>>> print(open('entry.cif').read())   # mmCIF, C-alpha atoms
data_my_file
#
loop_
_atom_site.label_atom_id
_atom_site.label_comp_id
_atom_site.auth_asym_id
_atom_site.auth_seq_id
_atom_site.Cartn_x
_atom_site.Cartn_y
_atom_site.Cartn_z
CA MET N 1 0.05 -3.43 0.06
CA GLU N 2 2.71 -1.42 -1.74
CA ASN N 3 2.57 -0.89 -5.49
CA GLN N 4 5.26 -3.45 -6.30
CA ASN N 5 4.57 -7.12 -5.81
CA LEU N 6 5.27 -8.48 -2.36
CA PRO N 7 8.38 -10.64 -2.26
CA LEU N 8 7.90 -14.27 -1.41
CA PHE N 9 9.12 -13.97 2.17
CA TYR N 10 6.01 -12.08 3.38
CA ARG N 11 3.71 -15.00 4.12
CA ASN N 12 1.03 -13.51 6.36
CA PRO N 13 1.21 -9.68 6.55
CA VAL N 14 -1.30 -8.05 8.91
CA PRO N 15 -1.61 -4.52 10.38
CA LEU N 16 0.39 -3.99 13.57
CA ASN N 17 -2.13 -3.33 16.33
CA SER N 18 -1.49 -2.21 19.93
CA GLU N 19 -4.34 -4.42 21.19
CA ALA N 20 -3.90 -7.55 19.09
CA HIS N 21 -0.12 -7.39 19.49
CA ALA N 22 0.06 -5.92 22.99
CA ALA N 23 2.39 -8.65 24.25
CA LEU N 24 4.39 -9.12 21.04
CA THR N 25 8.17 -9.09 21.31
CA ILE N 26 10.79 -9.20 18.59
CA SER N 27 14.24 -10.78 18.40
CA PRO N 28 16.72 -11.34 15.58
CA ASN N 29 15.53 -14.03 13.20
CA PRO N 30 16.95 -17.35 14.49
CA ASN N 31 17.10 -18.52 10.87
CA GLY N 32 19.08 -15.50 9.71
CA TYR N 33 18.26 -14.42 6.17
CA ARG N 34 16.87 -17.77 5.07
CA PHE N 35 13.52 -16.04 4.51
CA ALA N 36 15.08 -14.26 1.50
CA SER N 37 16.78 -17.33 0.04
CA SER N 38 14.25 -17.63 -2.79
CA ALA N 39 14.24 -13.93 -3.78
CA ARG N 40 16.02 -13.66 -7.14
CA THR N 41 15.49 -9.90 -7.27
CA ILE N 42 15.30 -7.37 -4.45
CA LEU N 43 13.83 -3.90 -4.82
CA LEU N 44 16.28 -1.02 -4.37
CA SER N 45 15.89 2.69 -3.73
CA VAL N 46 18.13 5.11 -5.60
CA SER N 47 19.79 6.05 -2.30
CA GLU N 48 21.16 2.48 -2.17
CA PHE N 49 22.69 2.42 -5.63
CA TYR N 50 26.23 3.35 -4.58
CA ASP N 51 26.37 0.55 -2.01
CA ALA N 52 24.48 -2.01 -4.08
CA VAL N 53 26.45 -1.57 -7.30
CA ARG N 54 29.63 -2.68 -5.59
CA GLN N 55 28.44 -6.29 -5.66
CA PHE N 56 25.05 -6.73 -7.38
CA PRO N 57 23.96 -6.18 -10.98
CA VAL N 58 21.35 -3.42 -10.73
CA ILE N 59 18.70 -3.74 -13.42
CA PHE N 60 15.13 -2.56 -13.94
CA ILE N 61 11.92 -4.57 -14.07
CA GLY N 62 8.40 -3.67 -15.13
CA SER N 63 5.19 -3.89 -13.12
CA PRO N 64 1.64 -4.75 -14.26
CA ASP N 65 0.76 -1.04 -14.23
CA ASN N 66 3.62 -0.27 -16.68
CA ARG N 67 5.92 1.32 -14.14
CA ILE N 68 9.51 0.25 -13.60
CA PHE N 69 11.58 -0.39 -10.51
CA PRO N 70 15.31 -0.90 -9.91
CA VAL N 71 16.28 -4.23 -8.41
CA ALA N 72 19.40 -6.04 -7.31
CA LEU N 73 19.80 -9.28 -9.24
CA MET N 74 20.60 -12.12 -6.84
CA GLY N 75 20.53 -15.23 -9.04
CA PHE N 76 19.91 -16.79 -12.43
CA GLU N 77 17.18 -19.33 -11.71
CA GLU N 78 13.70 -18.81 -10.32
CA LYS N 79 13.66 -18.68 -6.50
CA GLU N 80 17.47 -18.50 -6.34
CA ASN N 81 19.40 -16.08 -4.14
CA LEU N 82 23.14 -16.69 -4.40
CA PHE N 83 23.81 -14.30 -1.50
CA VAL N 84 22.12 -16.47 1.16
CA ASP N 85 23.67 -19.79 2.17
CA GLU N 86 21.87 -22.86 3.51
CA ASN N 87 22.33 -21.67 7.10
CA GLY N 88 20.73 -18.29 6.44
CA ASN N 89 24.01 -16.35 6.42
CA TRP N 90 24.16 -13.26 4.20
CA LEU N 91 27.15 -13.61 1.88
CA GLY N 92 27.37 -10.07 0.58
CA GLN N 93 28.70 -6.89 2.13
CA TYR N 94 25.56 -4.81 1.65
CA ILE N 95 22.05 -5.84 2.69
CA PRO N 96 19.28 -4.00 0.80
CA ALA N 97 16.83 -2.03 2.92
CA TYR N 98 13.96 -4.09 1.52
CA ILE N 99 15.42 -7.08 3.34
CA ARG N 100 16.51 -5.18 6.44
CA ARG N 101 12.99 -3.97 7.13
CA TYR N 102 11.53 -7.49 7.28
CA PRO N 103 9.21 -8.51 9.00
CA PHE N 104 7.73 -5.00 8.70
CA ILE N 105 6.10 -3.43 5.67
CA THR N 106 3.68 -0.56 5.03
CA THR N 107 0.36 -0.19 3.28
CA ASP N 108 -1.94 2.75 2.58
CA GLY N 109 -4.74 2.91 5.15
CA SER N 110 -8.33 3.93 4.41
CA ASP N 111 -7.56 7.41 5.75
CA GLY N 112 -4.61 7.82 3.40
CA GLN N 113 -2.09 7.33 6.19
CA LEU N 114 0.60 4.68 6.09
CA THR N 115 -0.19 1.59 8.13
CA VAL N 116 2.62 -0.54 9.54
CA CYS N 117 2.16 -4.26 8.94
CA ILE N 118 4.05 -7.31 10.16
CA ASP N 119 4.50 -10.81 8.86
CA GLU N 120 2.91 -12.82 11.65
CA GLU N 121 4.91 -15.88 10.60
CA PHE N 122 8.25 -14.20 11.33
CA GLU N 123 10.34 -16.63 13.38
CA GLY N 124 11.73 -13.91 15.67
CA PHE N 125 8.49 -13.02 17.43
CA ASN N 126 7.90 -13.92 21.07
CA LEU N 127 11.25 -15.55 21.73
CA GLU N 128 12.91 -15.47 25.15
CA GLY N 129 14.59 -12.13 25.76
CA GLY N 130 12.73 -10.38 22.94
CA VAL N 131 12.12 -6.62 22.85
CA PRO N 132 8.47 -5.56 23.34
CA LEU N 133 6.78 -3.52 20.62
CA PHE N 134 4.18 -2.04 22.97
CA GLU N 135 4.09 -1.13 26.65
CA GLY N 136 0.93 0.12 28.29
CA GLY N 137 -0.72 0.26 24.88
CA GLU N 138 1.89 2.69 23.53
CA PRO N 139 4.68 2.05 21.01
CA THR N 140 8.07 1.38 22.56
CA GLU N 141 11.26 3.08 21.41
CA LYS N 142 11.93 0.01 19.28
CA THR N 143 8.61 0.45 17.47
CA LYS N 144 9.22 4.17 16.99
CA GLU N 145 12.62 3.36 15.52
CA ILE N 146 10.98 0.91 13.10
CA GLN N 147 8.30 3.43 12.15
CA SER N 148 10.96 6.05 11.43
CA PHE N 149 12.89 3.59 9.27
CA LEU N 150 9.75 2.70 7.30
CA GLN N 151 8.81 6.34 6.79
CA ASP N 152 12.29 7.13 5.54
CA TYR N 153 12.14 4.11 3.27
CA MET N 154 8.88 5.31 1.71
CA THR N 155 10.35 8.77 1.15
CA ARG N 156 13.34 7.25 -0.63
CA MET N 157 11.06 5.08 -2.75
CA GLU N 158 9.16 8.18 -3.85
CA GLN N 159 12.49 9.60 -5.06
CA THR N 160 13.11 6.29 -6.80
CA ASN N 161 9.73 6.42 -8.53
CA GLN N 162 10.55 9.89 -9.85
CA PHE N 163 13.90 8.71 -11.21
CA CYS N 164 12.32 5.71 -12.93
CA ALA N 165 9.53 7.83 -14.38
CA MET N 166 12.20 10.09 -15.88
CA LEU N 167 13.94 7.11 -17.50
CA GLN N 168 10.64 6.08 -19.07
CA GLU N 169 9.74 9.59 -20.16
CA LYS N 170 13.08 10.05 -21.93
CA GLY N 171 12.94 6.58 -23.48
CA LEU N 172 16.28 5.62 -21.97
CA LEU N 173 15.60 1.94 -21.31
CA ARG N 174 16.10 -1.05 -23.55
CA GLN N 175 15.75 -4.78 -23.15
CA THR N 176 18.80 -7.00 -23.14
CA ASP N 177 19.65 -10.63 -22.41
CA ALA N 178 22.37 -12.15 -20.24
CA GLN N 179 23.77 -15.65 -20.09
CA ALA N 180 25.74 -17.66 -17.57
CA LYS N 181 27.67 -20.66 -18.87
CA LEU N 182 28.98 -23.03 -16.22
CA THR N 183 32.07 -25.20 -16.53
CA ASP N 184 29.86 -28.31 -16.71
CA GLY N 185 28.21 -26.99 -19.85
CA ARG N 186 24.95 -25.82 -18.29
CA VAL N 187 23.68 -22.48 -19.54
CA PHE N 188 21.32 -20.13 -17.71
CA ALA N 189 19.68 -17.31 -19.62
CA LEU N 190 18.24 -14.06 -18.29
CA ASN N 191 15.98 -12.59 -20.93
CA GLY N 192 14.28 -9.24 -21.15
CA LEU N 193 16.39 -7.36 -18.61
CA LEU N 194 15.80 -3.61 -18.69
CA VAL N 195 18.95 -1.47 -18.75
CA VAL N 196 19.80 2.08 -19.72
CA ASP N 197 20.54 2.44 -23.42
CA GLU N 198 23.88 4.24 -23.64
CA GLN N 199 23.29 5.30 -27.23
CA LYS N 200 20.01 6.98 -26.33
CA LEU N 201 21.74 8.63 -23.40
CA THR N 202 24.24 10.27 -25.74
CA GLU N 203 21.37 11.54 -27.90
CA LEU N 204 19.77 13.57 -25.10
CA SER N 205 19.83 17.33 -25.46
CA ASP N 206 22.43 19.38 -23.63
CA SER N 207 19.63 20.75 -21.47
CA ASP N 208 18.48 17.27 -20.46
CA ILE N 209 22.04 16.18 -19.68
CA LEU N 210 22.60 19.26 -17.53
CA THR N 211 19.37 18.58 -15.64
CA LEU N 212 20.37 14.96 -15.10
CA PHE N 213 23.78 16.04 -13.86
CA ARG N 214 22.38 18.57 -11.40
CA ASN N 215 19.66 16.33 -9.95
CA GLY N 216 22.02 13.37 -9.53
CA GLY N 217 20.33 11.22 -12.14
CA LEU N 218 23.38 11.01 -14.38
CA ALA N 219 25.53 9.59 -11.58
CA LEU N 220 22.83 7.01 -10.81
CA ILE N 221 22.72 5.95 -14.45
CA HIS N 222 26.50 5.52 -14.58
CA ALA N 223 26.42 3.51 -11.33
CA HIS N 224 23.75 1.24 -12.82
CA LEU N 225 25.76 0.71 -16.00
CA LEU N 226 28.94 -0.10 -14.07
CA SER N 227 27.01 -2.59 -11.93
CA LEU N 228 26.27 -4.76 -14.96
CA ARG N 229 29.85 -6.00 -14.73
CA ASN N 230 28.78 -7.73 -11.52
CA LEU N 231 27.09 -10.40 -13.63
CA ASP N 232 30.52 -12.06 -13.50
CA ILE N 233 30.22 -12.18 -9.69
CA LEU N 234 26.92 -14.03 -10.01
CA ILE N 235 28.44 -16.45 -12.50
CA ASP N 236 31.35 -17.15 -10.14
CA ARG N 237 28.95 -17.77 -7.27
CA LYS N 238 26.86 -20.06 -9.43
CA ILE N 239 29.92 -22.06 -10.52
CA LYS N 240 31.10 -22.51 -6.93
CA LEU N 241 27.70 -23.89 -5.92
CA ALA N 242 27.41 -26.16 -8.95
#
>>> encode(input="entry.cif", output="structure tokens")
Amino acid sequence: MENQNLPLFYRNPVPLNSEAHAALTISPNPNGYRFASSARTILLSVSEFYDAVRQFPVIFIGSPDNRIFPVALMGFEEKENLFVDENGNWLGQYIPAYIRRYPFITTDGSDGQLTVCIDEEFEGFNLEGGVPLFEGGEPTEKTKEIQSFLQDYMTRMEQTNQFCAMLQEKGLLRQTDAQAKLTDGRVFALNGLLVVDEQKLTELSDSDILTLFRNGGLALIHAHLLSLRNLDILIDRKIKLA
């Protein structure tokens, strides 16, 4: 699958196939966004920063191959998403593309081409009134729309990878800790969060700053830093659910 770890809500991803899935139809998930209720972090592309930072803390996390990725922080505890209620309703204003594309995902095929996969355990398949994904062995307009969305998503993630590689190359990230203290005395700690180091940012050369300004990287960094204030939103949500 993709380079980053699969989120928990993909339970049985398999390649979408016009023969195996000839009669497959898709409808909105009857359980809403409950599938994402245990996702504490959600991957973001840089194109989403300006929407995401209005409500989520945007931080960075590392991968086993020493790369980093930006994510929206959704909760303090493991398997906690404070933006999904018990009925599967999404409680925020913006829904990250990583969630919106479910139950679809892509993987690199043996020929180097992207292969569209589906989570066969998605609750919205084969319900009454569903939209077919294939007709006469050919993709329907719905499937073409999905393919276009996934291709665009991969393009935006490539841009994201370049931005993150730049942050690493310039040594602009540092680890920090966050803490949420509830009114009942409970304390939840978030350790080892990766954020942009503002001091190191000020130490960049004029040439580097100009390059960052012109390629949009500087605005993304400032959006990320402003988003850290949204930790208070998470704390408020946590207190209300306590």
>>> residues_near_point(input="entry.cif", point="(14.9, -0.2, -9.0)", cutoff="7 Å", atoms="all atoms listed in the file", output="ChimeraX atom specification")
/N:43-45,59-60,69-71
>>> residues_around(input="entry.cif", residues="Lys181 of chain N", least_positions_apart="4", cutoff="10 Å", atoms="only C-alpha atoms", output="list in words")
Gly185, Arg186, Val187, Phe188, Ala189, Ile235, Lys238 and Ile239 of chain N
>>> closest_residue(input="entry.cif", among="N:Leu91, N:Leu82, N:Leu173, N:Leu220", to="Arg40 of chain N", atoms="all atoms listed in the file")
N:Leu82
>>> closest_residue(input="entry.cif", among="N:Pro13, N:Pro30, N:Pro57, N:Gly171", to="His224 of chain N", atoms="only C-alpha atoms")
N:Pro57
>>> resolve_selection(input="entry.cif", expression="the PyMOL selection byres ((chain N and resi 84) around 12)", output="ChimeraX atom specification")
/N:31-40,74-75,79-83,85-93,95,99,237,241
>>> resolve_selection(input="entry.cif", expression="the PyMOL selection byres ((chain N and resi 157-168) around 7)", output="list in words")
Ser45, Val46, Ile68, Phe69, Tyr153, Met154, Thr155, Arg156, Glu169, Lys170, Gly171, Leu172, Leu173 and Gly217 of chain N
>>> closest_residue(input="entry.cif", among="N:Leu204, N:Glu141, N:Ser27, N:Asp232", to="Leu182 of chain N", atoms="only C-alpha atoms")
N:Asp232
>>> atom_distance(input="entry.cif", atom1="atom CA of Gly129 of chain N", atom2="atom CA of Gln147 of chain N")
21.6 Å
>>> atom_distance(input="entry.cif", atom1="atom CA of Ala72 of chain N", atom2="atom CA of Tyr10 of chain N")
18.2 Å
>>> closest_residue(input="entry.cif", among="N:Leu190, N:Val58, N:Leu127, N:Ala52", to="Glu78 of chain N", atoms="only C-alpha atoms")
N:Leu190
>>> residues_near_point(input="entry.cif", point="(-3.3, -1.6, 26.4)", cutoff="9 Å", atoms="only C-alpha atoms", output="PyMOL selection string")
chain N and resi 18-19+22+134-138
>>> residues_around(input="entry.cif", residues="Ile221 of chain N", least_positions_apart="5", cutoff="9 Å", atoms="all atoms listed in the file", output="PyMOL selection string")
chain N and resi 196+216+226
>>> closest_residue(input="entry.cif", among="N:Glu128, N:Lys142, N:Asp236, N:Phe104", to="Asn12 of chain N", atoms="only C-alpha atoms")
N:Phe104
>>> closest_residue(input="entry.cif", among="N:Thr140, N:Ser227, N:Val131, N:Phe149", to="Tyr50 of chain N", atoms="all atoms listed in the file")
N:Ser227
